[in-house]
file entry08.txt (compact mmCIF, C-alpha atoms)
# COMPACT_ATOMS: atom_id res chain seq x y z
CA MET A 16 82.97 145.54 110.15
CA ARG A 17 82.83 145.73 106.35
CA CYS A 18 86.32 144.26 106.12
CA ALA A 19 85.28 141.37 108.38
CA ILE A 20 82.21 140.67 106.23
CA ARG A 21 84.31 140.74 103.07
CA ALA A 22 86.75 138.29 104.65
CA VAL A 23 83.95 135.87 105.54
CA ILE A 24 82.52 136.10 102.01
CA ALA A 25 85.97 135.49 100.54
CA VAL A 26 86.40 132.35 102.65
CA LEU A 27 82.97 131.04 101.60
CA LEU A 28 83.68 131.70 97.94
CA TYR A 29 87.09 130.01 98.18
CA THR A 30 86.00 126.93 100.09
CA GLY A 31 82.54 126.58 98.55
CA PRO A 32 80.26 123.79 99.79
CA ASN A 33 83.20 121.78 101.12
CA LEU A 34 83.25 124.06 104.16
CA PHE A 35 80.09 122.35 105.40
CA CYS A 36 80.40 118.78 104.13
CA HIS A 37 82.68 115.83 104.66
CA ARG A 38 85.74 115.92 102.44
CA VAL A 39 87.32 112.69 101.24
CA PRO A 40 91.09 112.76 101.80
CA MET A 41 93.19 113.42 98.71
CA GLN A 42 93.64 110.13 96.86
CA HIS A 43 97.00 108.62 96.05
CA PRO A 44 97.86 108.75 92.30
CA ILE A 45 98.01 104.94 92.15
CA LEU A 46 94.53 104.71 93.64
CA VAL A 47 93.26 107.31 91.16
CA THR A 48 94.61 105.16 88.31
CA ALA A 49 93.02 102.04 89.80
CA ILE A 50 89.66 103.81 90.03
CA ARG A 51 89.89 104.94 86.43
CA ALA A 52 90.73 101.39 85.34
CA ALA A 53 87.89 99.87 87.39
CA ARG A 54 85.36 102.32 85.98
CA LYS A 55 86.54 101.60 82.43
CA ALA A 56 86.09 97.88 83.01
CA GLY A 57 82.73 98.59 84.63
CA ASP A 58 81.57 100.40 81.50
CA ILE A 59 82.39 97.31 79.44
CA ILE A 60 80.49 95.09 81.87
CA ASN A 61 77.48 97.40 81.98
CA ARG A 62 77.17 97.56 78.20
CA SER A 63 77.00 93.76 78.03
CA PHE A 64 74.91 93.07 81.11
CA ALA A 65 71.57 93.69 79.39
CA ARG A 66 72.45 91.35 76.49
CA VAL A 67 74.22 88.42 78.11
CA ASN A 68 72.70 86.10 75.50
CA GLU A 69 75.10 87.65 72.96
CA ILE A 70 78.37 87.12 74.86
CA THR A 71 80.88 84.36 74.20
CA ILE A 72 81.30 81.92 77.09
CA THR A 73 84.04 79.31 77.47
CA SER A 74 84.97 76.96 80.31
CA LYS A 75 88.45 77.11 81.87
CA ALA A 76 87.70 74.15 84.16
CA HIS A 77 84.74 72.48 85.84
CA ASN A 78 82.30 75.26 86.84
CA ASP A 79 84.94 77.90 86.06
CA PHE A 80 83.75 80.11 83.22
CA VAL A 81 85.20 83.04 81.31
CA THR A 82 83.49 85.36 78.86
CA ASP A 83 84.75 87.76 76.23
CA VAL A 84 83.57 90.50 78.63
CA ASP A 85 86.05 89.29 81.29
CA GLN A 86 88.81 89.40 78.71
CA ARG A 87 87.94 92.83 77.31
CA ALA A 88 87.56 94.28 80.80
CA GLU A 89 90.96 92.91 81.82
CA ALA A 90 92.60 94.25 78.65
CA ALA A 91 91.18 97.72 79.38
CA ILE A 92 92.48 97.64 82.96
CA VAL A 93 95.94 96.48 81.90
CA GLU A 94 96.16 99.13 79.18
CA ILE A 95 95.47 101.93 81.69
CA ILE A 96 97.98 100.52 84.17
CA ARG A 97 100.72 100.06 81.59
CA ARG A 98 100.23 103.59 80.33
CA ALA A 99 100.50 105.09 83.83
CA TYR A 100 102.98 102.65 85.42
CA PRO A 101 104.84 100.71 82.72
CA ASP A 102 107.32 99.21 85.21
CA HIS A 103 104.73 97.76 87.61
CA GLY A 104 103.94 94.07 87.79
CA ILE A 105 100.53 92.58 87.03
CA LEU A 106 98.80 89.41 88.24
CA ALA A 107 95.38 89.10 86.59
CA GLU A 108 92.85 86.28 86.49
CA GLU A 109 92.52 86.00 82.73
CA GLY A 110 96.18 85.51 81.99
CA ASN A 111 98.06 88.80 82.10
CA ARG A 112 101.28 88.16 84.04
CA ILE A 113 104.03 90.78 84.28
CA PRO A 114 106.49 90.09 87.11
CA ASP A 115 107.84 92.91 89.28
CA LYS A 116 109.33 92.66 92.74
CA ASP A 117 108.27 96.15 93.88
CA PHE A 118 104.68 96.85 92.77
CA GLU A 119 102.10 94.25 91.75
CA TRP A 120 98.53 94.93 90.58
CA ILE A 121 96.27 91.99 91.47
CA ILE A 122 93.23 92.07 89.20
CA ASP A 123 89.92 90.30 88.81
CA PRO A 124 88.20 92.06 85.90
CA LEU A 125 84.84 90.43 86.65
CA ASP A 126 84.43 88.67 89.98
CA GLY A 127 81.10 86.88 89.79
CA THR A 128 81.25 85.68 86.18
CA THR A 129 78.66 82.96 86.77
CA ASN A 130 76.30 85.59 88.19
CA PHE A 131 76.98 87.78 85.16
CA ILE A 132 76.19 84.95 82.75
CA HIS A 133 72.83 84.46 84.47
CA GLY A 134 71.96 88.16 84.60
CA MET A 135 72.44 88.45 88.37
CA PRO A 136 73.83 91.86 89.47
CA GLN A 137 76.11 90.57 92.24
CA LEU A 138 79.48 91.13 90.58
CA CYS A 139 82.40 93.52 90.63
CA VAL A 140 85.75 94.62 89.31
CA SER A 141 88.48 94.03 91.91
CA ILE A 142 91.93 95.66 91.87
CA GLY A 143 94.44 95.38 94.70
CA ILE A 144 97.93 96.90 94.60
CA LYS A 145 100.75 95.36 96.58
CA HIS A 146 104.07 97.08 97.32
CA PHE A 147 106.63 94.38 98.06
CA ASP A 148 104.69 92.08 100.41
CA ARG A 149 102.15 94.59 101.70
CA LEU A 150 98.76 95.54 100.28
CA GLU A 151 98.63 99.31 99.83
CA HIS A 152 95.60 100.22 97.69
CA ALA A 153 92.25 98.65 96.85
CA VAL A 154 89.32 99.26 94.53
CA ILE A 155 86.17 97.14 94.28
CA TYR A 156 83.53 98.44 91.88
CA ASN A 157 80.04 97.09 91.30
CA PRO A 158 79.10 98.82 88.03
CA ILE A 159 75.49 97.62 88.12
CA HIS A 160 74.81 99.49 91.37
CA ASP A 161 77.54 102.11 90.83
CA GLU A 162 79.12 101.31 94.20
CA LEU A 163 82.82 102.16 94.38
CA PHE A 164 84.71 100.80 97.40
CA THR A 165 88.23 102.19 97.86
CA ALA A 166 91.02 102.00 100.41
CA THR A 167 94.61 103.12 100.87
CA ARG A 168 96.72 101.83 103.73
CA GLY A 169 96.49 104.31 106.58
CA GLY A 170 93.82 106.34 104.79
CA GLY A 171 90.71 104.39 105.69
CA ALA A 172 88.09 102.74 103.50
CA HIS A 173 85.29 104.47 101.60
CA LEU A 174 82.13 103.65 99.68
CA ASN A 175 81.78 106.38 97.08
CA ASP A 176 82.30 109.46 99.33
CA ARG A 177 81.32 107.86 102.64
CA ARG A 178 83.84 106.60 105.21
CA LEU A 179 83.33 102.93 106.08
CA ARG A 180 83.38 101.38 109.53
CA ILE A 181 83.07 97.67 110.15
CA ALA A 182 80.04 96.41 112.13
CA GLN A 183 80.58 96.47 115.89
CA ARG A 184 78.72 93.28 116.85
CA LYS A 185 80.25 91.70 119.94
CA ASP A 186 79.65 88.02 119.17
CA LEU A 187 78.16 85.61 116.64
CA ASP A 188 74.70 85.64 118.20
CA GLY A 189 72.54 87.53 115.72
CA ALA A 190 75.39 87.94 113.23
CA LEU A 191 75.00 87.77 109.45
CA LEU A 192 77.91 86.05 107.70
CA GLY A 193 78.97 85.73 104.09
CA THR A 194 80.72 82.75 102.52
CA GLY A 195 81.36 80.97 99.24
CA PHE A 196 80.58 77.34 98.46
CA PRO A 197 83.21 75.13 96.81
CA PHE A 198 82.54 74.94 93.07
CA ARG A 199 85.83 73.83 91.49
CA ASP A 200 87.78 71.76 94.03
CA PHE A 201 85.61 69.55 96.24
CA SER A 202 88.45 67.87 98.15
CA TYR A 203 87.75 69.99 101.25
CA LEU A 204 83.94 69.90 100.94
CA ASP A 205 83.33 67.95 104.16
CA THR A 206 85.45 70.34 106.22
CA TYR A 207 83.74 73.34 104.66
CA LEU A 208 80.28 71.90 105.36
CA ALA A 209 81.30 71.32 108.98
CA THR A 210 82.21 75.00 109.36
CA PHE A 211 79.00 75.99 107.59
CA LYS A 212 76.90 73.93 110.00
CA ALA A 213 78.73 75.30 113.04
CA PHE A 214 78.15 78.91 111.93
CA MET A 215 74.56 78.22 110.90
CA LEU A 216 73.78 77.07 114.45
CA LYS A 217 75.36 80.16 116.06
CA THR A 218 74.30 83.06 113.80
CA ALA A 219 71.22 84.78 112.38
CA GLY A 220 72.06 83.66 108.86
CA ILE A 221 74.60 82.97 106.13
CA ARG A 222 74.64 84.41 102.61
CA ARG A 223 76.39 83.13 99.49
CA PRO A 224 75.89 85.71 96.69
CA GLY A 225 78.78 84.48 94.52
CA SER A 226 81.46 87.21 94.56
CA ALA A 227 84.10 86.89 97.27
CA ALA A 228 85.59 90.32 96.56
CA LEU A 229 82.21 91.99 96.96
CA ASP A 230 81.49 89.91 100.09
CA LEU A 231 84.64 91.30 101.71
CA ALA A 232 83.64 94.83 100.68
CA TYR A 233 80.31 94.18 102.41
CA VAL A 234 82.14 93.23 105.60
CA ALA A 235 84.03 96.52 105.41
CA ALA A 236 80.71 98.34 104.91
CA GLY A 237 79.08 96.63 107.89
CA ARG A 238 76.54 94.78 105.73
CA TYR A 239 78.00 91.47 106.90
CA ASP A 240 79.44 90.86 110.34
CA GLY A 241 81.98 88.38 108.99
CA PHE A 242 83.11 86.28 106.04
CA TRP A 243 85.04 83.07 105.52
CA GLU A 244 85.99 80.95 102.53
CA PHE A 245 88.45 78.26 101.50
CA ASN A 246 90.78 77.98 98.52
CA LEU A 247 90.38 81.36 96.85
CA LYS A 248 92.78 83.06 94.43
CA PRO A 249 94.83 86.22 95.15
CA TRP A 250 92.61 88.33 92.86
CA ASP A 251 89.55 87.26 94.90
CA LEU A 252 91.10 88.50 98.15
CA ALA A 253 93.63 91.29 97.72
CA ALA A 254 91.39 94.34 97.45
CA GLY A 255 88.72 93.08 99.84
CA ALA A 256 91.16 92.18 102.62
CA LEU A 257 92.63 95.70 102.64
CA LEU A 258 89.14 97.23 102.65
CA VAL A 259 88.27 95.21 105.76
CA GLN A 260 91.49 96.19 107.52
CA GLU A 261 91.13 99.89 106.68
CA ALA A 262 87.51 99.84 107.88
CA GLY A 263 88.77 98.76 111.31
CA GLY A 264 88.45 95.00 110.91
CA VAL A 265 90.70 91.95 110.83
CA ALA A 266 91.41 89.70 107.84
CA THR A 267 93.67 86.66 108.22
CA ASP A 268 94.09 83.12 107.02
CA PHE A 269 92.88 80.21 109.15
CA THR A 270 96.03 80.25 111.29
CA GLY A 271 95.53 83.91 112.20
CA ASP A 272 98.41 85.03 109.95
CA GLN A 273 98.55 87.15 106.79
CA GLY A 274 99.07 84.22 104.42
CA PHE A 275 95.67 84.37 102.70
CA LEU A 276 97.11 85.51 99.36
CA GLU A 277 99.29 82.41 99.31
CA ASN A 278 96.96 79.74 100.72
CA GLY A 279 93.60 81.18 99.63
CA ASN A 280 91.89 80.74 103.01
CA ILE A 281 90.39 83.83 104.65
CA VAL A 282 88.29 84.83 107.66
CA ALA A 283 87.29 88.46 108.21
CA GLY A 284 85.29 90.51 110.69
CA ASN A 285 85.73 92.87 113.60
CA LEU A 286 88.21 91.83 116.28
CA ARG A 287 85.71 89.89 118.42
CA VAL A 288 83.75 88.25 115.62
CA HIS A 289 86.94 87.34 113.79
CA ALA A 290 88.35 85.66 116.92
CA GLN A 291 85.19 83.60 117.42
CA MET A 292 85.03 82.60 113.76
CA LEU A 293 88.70 81.66 113.76
CA HIS A 294 88.19 79.48 116.85
CA ILE A 295 85.30 77.57 115.25
CA ILE A 296 87.11 77.11 111.94
CA SER A 297 90.23 75.84 113.75
CA GLN A 298 88.11 73.37 115.72
CA GLU A 299 86.51 71.94 112.58
CA ILE A 300 89.73 71.82 110.57
CA ASN A 301 91.60 70.02 113.35
CA LYS A 302 88.76 67.68 114.31
CA PRO A 303 89.84 64.01 113.95
CA LYS A 304 88.38 62.40 110.85
CA ALA A 305 85.84 59.64 111.50

call {"tool": "encode", "arguments": {"input": "entry08.txt", "output": "structure tokens"}}
result
Amino acid sequence: MRCAIRAVIAVLLYTGPNLFCHRVPMQHPILVTAIRAARKAGDIINRSFARVNEITITSKAHNDFVTDVDQRAEAAIVEIIRRAYPDHGILAEEGNRIPDKDFEWIIDPLDGTTNFIHGMPQLCVSIGIKHFDRLEHAVIYNPIHDELFTATRGGGAHLNDRRLRIAQRKDLDGALLGTGFPFRDFSYLDTYLATFKAFMLKTAGIRRPGSAALDLAYVAAGRYDGFWEFNLKPWDLAAGALLVQEAGGVATDFTGDQGFLENGNIVAGNLRVHAQMLHIISQEINKPKA
């Protein structure tokens, strides 16, 4: 009996509290590096968030802003990546371009710059890692709320230490959708507004917080039932799309294929909601012009 008791005590001492709580699967070294880089960038963003009146703001194009915080956050991310994986490629919003045919890190150091400039906390660091043509790892980090969304292909999606599952709504009735309004290129505005109207009439509501990467993370977390947007950039989509897929959802372009990184068009949700959204978008895109 004493031996049995000692054995039980030994097991408890060895395993500690993890015996009774959920354990996050061991993270891939690339994901660990991405998390470290995202948190470093998040620290830079956090330090500047309370004094946005002191930051330097320039305009890249109409309604497309960049701050010195974007640039410093990107430099910090790139430095960590280059130190850990000097042979990997990089595609980053603020200009860092290092080609590589095997691994590519797709980076938005501050998605939601306009929100940041106005002191709104809806923003994030987004890092997606692609191996050849397939997304493999994802990190989206909102440093203001300290929410860390992560995913590795085949390993599921997590928010901090909690496993994520996409919302299980069966149709658009009562659904809450996320989207993004055109703000640079208005050539497709009429088509976008047609899709917006169609969804507005069929759902409980539509939200446009201003960070596509975070919107996709919210789909993965079940906060939104679906998301769609036109004409985004790879760094807006890469991490969020994998999060949705690893949370049990579907993310495609408007043809139902995986070309969203190339064409910038994305629709995401669970299998049923995605199919209904895709049908409505296809109808509006292909509707004869008056």

call {"tool": "residues_near_point", "arguments": {"input": "entry08.txt", "point": "(86.7, 97.9, 106.7)", "cutoff": "9 Å", "atoms": "all atoms listed in the file", "output": "count of residues only"}}
result
28

call {"tool": "residues_around", "arguments": {"input": "entry08.txt", "residues": "Pro101 (chain A)", "least_positions_apart": "3", "cutoff": "12 Å", "atoms": "all atoms listed in the file", "output": "PyMOL selection string"}}
result
chain A and resi 93-98+104-105+113-115+118-120

call {"tool": "residues_around", "arguments": {"input": "entry08.txt", "residues": "Thr267 (chain A)", "least_positions_apart": "6", "cutoff": "9 Å", "atoms": "all atoms listed in the file", "output": "PyMOL selection string"}}
result
chain A and resi 256+273-275+280-283+289+293

call {"tool": "closest_residue", "arguments": {"input": "entry08.txt", "among": "A:Gly127, A:Thr73, A:Gly241, A:Ala266", "to": "Lys185 (chain A)", "atoms": "all atoms listed in the file"}}
result
A:Gly241

call {"tool": "atom_distance", "arguments": {"input": "entry08.txt", "atom1": "CA of Pro303 (chain A)", "atom2": "CA of Thr270 (chain A)"}}
result
17.6 Å

call {"tool": "residues_around", "arguments": {"input": "entry08.txt", "residues": "Ile59 (chain A)", "least_positions_apart": "4", "cutoff": "8 Å", "atoms": "all atoms listed in the file", "output": "PyMOL selection string"}}
result
chain A and resi 55+63+84+87-88

call {"tool": "residues_around", "arguments": {"input": "entry08.txt", "residues": "Pro249 (chain A)", "least_positions_apart": "4", "cutoff": "8 Å", "atoms": "all atoms listed in the file", "output": "PyMOL selection string"}}
result
chain A and resi 121+253+275-277+279

call {"tool": "atom_distance", "arguments": {"input": "entry08.txt", "atom1": "CA of Leu106 (chain A)", "atom2": "CA of Ala49 (chain A)"}}
result
14.0 Å
